[in-house]
Amino acid sequence: MTDSETGVEMFPSGLALVLAVVSLGVGLQLVAAGSRNAVGGGVLLLVAALAFTALALAQGAYGPASEGALDLSARLGLGLLGGLLGLMAVRIAAWLSASSGVLGLLGLPIGSGEGVVVLGLGIGHALFGGIAFGVLYAYVPGGSYLARGIVAGGAGTAYMLLKVLPLDRHAGWFGLDYGPLAFVAVALFGIVWGIACSATIAWGARTEEAPISRHLE
């Protein structure tokens with residue numbers, strides 16, 4: 001929505017994208033909850049997510065002609081790929097830390113095969129987080145992919161510690177029921193995921209050989 005006389009956006013497209021991502025995430029959580037009221041509220045939020053997305057795309061300048069190689073469509077694809085690669089990196093880190101006894105030193109009785117799932121990072125969270133990161137990549141503070149990855153990993157860690165572990169997995173606030181230092185492992189895995197995802201998006205921005213960021217003529 002734009003004021004025709006001043007040319008100023010009355011509802012910023014960046015804010016619309018943020019609201020779309022939040023509505024989508026909460027809506028999916030409510031639908032997954034399964035109760036009648038939760039599903040109804042979730043469907044309404046999913047509709048709102050579509051409306052906010054349409055609002056952002058309708059008033060914003062998107063596409064390679066205005067955004068360059070790393071336009072919205074490229075960021076979505078790269079974010080999805082980055083979320084998957086980030087999950088793979090976290091699983092490797094979890095296996096190494098469990099096999100070397102690091103998780104045991106933190107007081108976490110978690111085997112190498114189940115560590116990531118128990119600590120909250122499943123494939124759904126990783127892929128949705130990657131898509132959200134791709135959409136919001138330009139708005140994430142930090143001048144390098146490393147800094148942006150740490151910020152994204154920190155946001156994901158807060159979500160795991162304050163929502164997934166205490167409310168979804170009933171592991172107590174900050175996962176304290178798993179162990180007094182469970183939050184350390186969650187934070188480390190979150191940062192590993194964030195950096196891997198951010199590096200994937202940044203790779204798409206700086207190389208012409210990135211297949212996802214190459215547009216059809």
# chains A, B, ... in the order shown; residues from 1 in each chain; ligands from 1
$ residues_around --residues "Gly83 of chain A" --least-positions-apart "2" --cutoff "7 Å" --atoms "only C-alpha atoms" --output "list in words"
Gly79, Leu80, Leu81, Leu85, Gly86, Leu87, Ala126, Leu127, Gly129, Gly130 and Cys197 of chain A
$ write_last_selection --atoms "all heavy atoms" --output "CSV table (one decimal), in the first residue's frame"
chain,number,residue,atom,x,y,z
A,79,GLY,N,17.6,-20.8,0.8
A,79,GLY,CA,17.2,-21.0,2.2
A,79,GLY,C,16.8,-22.4,2.5
A,79,GLY,O,17.1,-23.0,3.5
A,80,LEU,N,16.0,-23.0,1.6
A,80,LEU,CA,15.5,-24.4,1.7
A,80,LEU,C,16.7,-25.3,1.7
A,80,LEU,O,16.8,-26.2,2.5
A,80,LEU,CB,14.5,-24.7,0.6
A,80,LEU,CG,13.9,-26.1,0.7
A,80,LEU,CD1,13.0,-26.2,1.9
A,80,LEU,CD2,13.0,-26.3,-0.6
A,81,LEU,N,17.6,-25.1,0.7
A,81,LEU,CA,18.8,-25.9,0.6
A,81,LEU,C,19.7,-25.8,1.8
A,81,LEU,O,20.2,-26.7,2.4
A,81,LEU,CB,19.5,-25.6,-0.7
A,81,LEU,CG,20.9,-26.3,-0.9
A,81,LEU,CD1,20.7,-27.8,-1.0
A,81,LEU,CD2,21.6,-25.7,-2.1
A,85,LEU,N,21.1,-28.5,4.4
A,85,LEU,CA,22.5,-28.7,4.7
A,85,LEU,C,22.9,-28.4,6.1
A,85,LEU,O,23.8,-29.0,6.7
A,85,LEU,CB,23.3,-27.8,3.7
A,85,LEU,CG,23.2,-28.2,2.2
A,85,LEU,CD1,24.0,-27.2,1.4
A,85,LEU,CD2,23.7,-29.6,2.0
A,86,GLY,N,22.2,-27.4,6.7
A,86,GLY,CA,22.4,-27.1,8.1
A,86,GLY,C,22.1,-28.2,9.0
A,86,GLY,O,22.8,-28.5,10.0
A,87,LEU,N,20.9,-28.9,8.7
A,87,LEU,CA,20.5,-30.1,9.5
A,87,LEU,C,21.6,-31.2,9.4
A,87,LEU,O,21.9,-31.8,10.4
A,87,LEU,CB,19.2,-30.5,9.0
A,87,LEU,CG,18.6,-31.8,9.8
A,87,LEU,CD1,18.4,-31.5,11.3
A,87,LEU,CD2,17.3,-32.2,9.2
A,126,ALA,N,14.2,-27.4,10.7
A,126,ALA,CA,15.3,-27.0,9.9
A,126,ALA,C,14.9,-26.4,8.6
A,126,ALA,O,15.4,-25.4,8.1
A,126,ALA,CB,16.3,-28.2,9.7
A,127,LEU,N,14.0,-27.1,7.9
A,127,LEU,CA,13.5,-26.6,6.6
A,127,LEU,C,12.7,-25.3,6.7
A,127,LEU,O,12.9,-24.4,5.9
A,127,LEU,CB,12.7,-27.7,5.8
A,127,LEU,CG,13.5,-29.0,5.5
A,127,LEU,CD1,12.6,-30.0,4.8
A,127,LEU,CD2,14.8,-28.7,4.7
A,129,GLY,N,12.9,-23.1,9.1
A,129,GLY,CA,13.8,-22.1,9.5
A,129,GLY,C,14.7,-21.6,8.3
A,129,GLY,O,15.0,-20.4,8.2
A,130,GLY,N,15.0,-22.5,7.4
A,130,GLY,CA,15.8,-22.1,6.2
A,130,GLY,C,15.0,-21.2,5.3
A,130,GLY,O,15.6,-20.3,4.8
A,197,CYS,N,23.5,-22.6,7.0
A,197,CYS,CA,22.5,-22.1,6.2
A,197,CYS,C,22.9,-20.7,5.6
A,197,CYS,O,22.6,-20.5,4.4
A,197,CYS,CB,21.2,-21.9,7.0
A,197,CYS,SG,19.7,-21.5,6.0
$ select_by_dssp --residues "segment 65-210 of chain A" --states "alpha helix (DSSP H)" --output "ChimeraX atom specification"
/A:65-67,72-99,102-105,115-118,123-136,145-159,182-206
$ residues_around --residues "Ala171 of chain A" --least-positions-apart "6" --cutoff "12 Å" --atoms "only C-alpha atoms" --output "PyMOL selection string"
chain A and resi 118-120+160-165+177-180+182-183
$ residues_around --residues "Val39 of chain A" --least-positions-apart "5" --cutoff "10 Å" --atoms "only C-alpha atoms" --output "NGL selection string"
:A and (27-34 or 44-45)
$ write_last_selection --atoms "N, CA and C atoms" --output "CSV table (one decimal), in the first residue's frame"
chain,number,residue,atom,x,y,z
A,27,GLY,N,0.8,-20.8,12.5
A,27,GLY,CA,-0.4,-21.6,11.9
A,27,GLY,C,-0.1,-23.0,11.8
A,28,LEU,N,1.1,-23.4,11.3
A,28,LEU,CA,1.5,-24.8,11.1
A,28,LEU,C,1.6,-25.5,12.5
A,29,GLN,N,2.1,-24.8,13.5
A,29,GLN,CA,2.1,-25.4,14.9
A,29,GLN,C,0.7,-25.7,15.4
A,30,LEU,N,-0.2,-24.8,15.2
A,30,LEU,CA,-1.6,-25.0,15.6
A,30,LEU,C,-2.3,-26.1,14.9
A,31,VAL,N,-2.1,-26.1,13.6
A,31,VAL,CA,-2.7,-27.2,12.8
A,31,VAL,C,-2.1,-28.6,13.2
A,32,ALA,N,-0.8,-28.6,13.5
A,32,ALA,CA,-0.2,-29.9,14.0
A,32,ALA,C,-0.7,-30.3,15.4
A,33,ALA,N,-1.2,-29.3,16.2
A,33,ALA,CA,-1.7,-29.6,17.5
A,33,ALA,C,-2.9,-30.6,17.4
A,34,GLY,N,-3.7,-30.4,16.4
A,34,GLY,CA,-4.8,-31.4,16.2
A,34,GLY,C,-6.1,-31.1,16.7
A,44,LEU,N,-6.8,-20.0,9.9
A,44,LEU,CA,-6.9,-18.6,9.8
A,44,LEU,C,-5.5,-17.9,9.7
A,45,LEU,N,-4.6,-18.4,10.5
A,45,LEU,CA,-3.2,-17.8,10.4
A,45,LEU,C,-2.6,-18.2,9.1
$ atom_distance --atom1 "atom CA of Asp168 of chain A" --atom2 "atom CA of Phe128 of chain A"
16.7 Å
$ closest_residue --among "A:Leu84, A:Leu78, A:Val22, A:Ala16" --to "His125 of chain A" --atoms "only C-alpha atoms"
A:Leu84
$ atom_distance --atom1 "atom CA of Ala205 of chain A" --atom2 "atom CA of Phe189 of chain A"
24.7 Å
$ atom_distance --atom1 "atom CA of Ala38 of chain A" --atom2 "atom CA of Gly122 of chain A"
21.6 Å
$ closest_residue --among "A:Leu17, A:Val26, A:Ala74, A:Ile201" --to "Phe52 of chain A" --atoms "only C-alpha atoms"
A:Leu17
$ decode --residues "segment 95-176 of chain A" --atoms "C-alpha atoms" --output "short mmCIF file (atom, residue, chain, number, x, y, z; two decimals), in the first residue's frame"
data_model
loop_
_atom_site.label_atom_id
_atom_site.label_comp_id
_atom_site.auth_asym_id
_atom_site.auth_seq_id
_atom_site.Cartn_x
_atom_site.Cartn_y
_atom_site.Cartn_z
CA TRP A 95 27.37 -37.60 16.20
CA LEU A 96 30.91 -36.34 16.80
CA SER A 97 30.06 -34.75 20.14
CA ALA A 98 28.19 -37.84 21.33
CA SER A 99 30.90 -40.24 20.13
CA SER A 100 33.65 -38.19 21.75
CA GLY A 101 31.78 -37.95 25.04
CA VAL A 102 31.18 -34.19 24.92
CA LEU A 103 27.43 -34.60 25.40
CA GLY A 104 28.16 -36.87 28.34
CA LEU A 105 30.35 -34.17 29.90
CA LEU A 106 27.39 -31.81 29.60
CA GLY A 107 25.28 -34.28 31.54
CA LEU A 108 23.17 -35.30 28.56
CA PRO A 109 22.41 -39.05 28.33
CA ILE A 110 21.89 -38.78 24.57
CA GLY A 111 23.18 -41.31 22.06
CA SER A 112 24.69 -40.22 18.77
CA GLY A 113 21.71 -41.44 16.76
CA GLU A 114 19.03 -39.44 18.54
CA GLY A 115 20.80 -36.36 19.87
CA VAL A 116 19.48 -33.79 17.40
CA VAL A 117 15.88 -34.96 17.52
CA VAL A 118 15.84 -35.10 21.32
CA LEU A 119 17.29 -31.59 21.53
CA GLY A 120 14.55 -30.27 19.31
CA LEU A 121 15.99 -29.78 15.83
CA GLY A 122 13.93 -31.93 13.49
CA ILE A 123 13.73 -31.77 9.70
CA GLY A 124 10.56 -29.67 9.80
CA HIS A 125 12.16 -27.01 12.01
CA ALA A 126 15.33 -27.00 9.90
CA LEU A 127 13.55 -26.60 6.55
CA PHE A 128 11.03 -24.01 7.78
CA GLY A 129 13.84 -22.10 9.47
CA GLY A 130 15.82 -22.15 6.22
CA ILE A 131 12.91 -20.74 4.23
CA ALA A 132 12.30 -18.02 6.84
CA PHE A 133 16.01 -17.17 6.89
CA GLY A 134 16.04 -16.93 3.10
CA VAL A 135 13.09 -14.52 3.07
CA LEU A 136 14.54 -12.34 5.81
CA TYR A 137 18.22 -12.66 4.84
CA ALA A 138 18.57 -9.05 3.72
CA TYR A 139 17.12 -7.83 7.03
CA VAL A 140 19.29 -9.97 9.33
CA PRO A 141 21.97 -7.81 10.98
CA GLY A 142 25.61 -8.62 10.31
CA GLY A 143 27.98 -7.70 7.52
CA SER A 144 29.12 -11.23 6.75
CA TYR A 145 27.51 -14.63 6.34
CA LEU A 146 29.21 -15.70 9.58
CA ALA A 147 27.64 -12.90 11.63
CA ARG A 148 24.23 -13.42 10.02
CA GLY A 149 24.50 -17.14 10.66
CA ILE A 150 25.23 -16.58 14.34
CA VAL A 151 22.24 -14.22 14.63
CA ALA A 152 19.95 -16.74 12.90
CA GLY A 153 21.35 -19.56 15.03
CA GLY A 154 20.74 -17.50 18.16
CA ALA A 155 17.14 -16.84 17.17
CA GLY A 156 16.61 -20.54 16.47
CA THR A 157 18.20 -21.43 19.81
CA ALA A 158 15.84 -19.10 21.66
CA TYR A 159 12.88 -20.71 19.88
CA MET A 160 14.07 -24.20 20.87
CA LEU A 161 14.80 -23.29 24.50
CA LEU A 162 11.68 -21.24 25.13
CA LYS A 163 9.10 -23.00 22.98
CA VAL A 164 10.01 -26.43 21.58
CA LEU A 165 11.74 -28.02 24.58
CA PRO A 166 9.51 -26.75 27.41
CA LEU A 167 6.14 -26.78 25.62
CA ASP A 168 6.40 -29.41 22.88
CA ARG A 169 8.83 -31.90 24.45
CA HIS A 170 8.04 -31.17 28.11
CA ALA A 171 11.74 -31.02 28.93
CA GLY A 172 11.51 -27.97 31.17
CA TRP A 173 12.56 -24.41 30.47
CA PHE A 174 15.86 -24.34 28.62
CA GLY A 175 15.73 -28.15 28.48
CA LEU A 176 16.83 -28.44 32.11
#
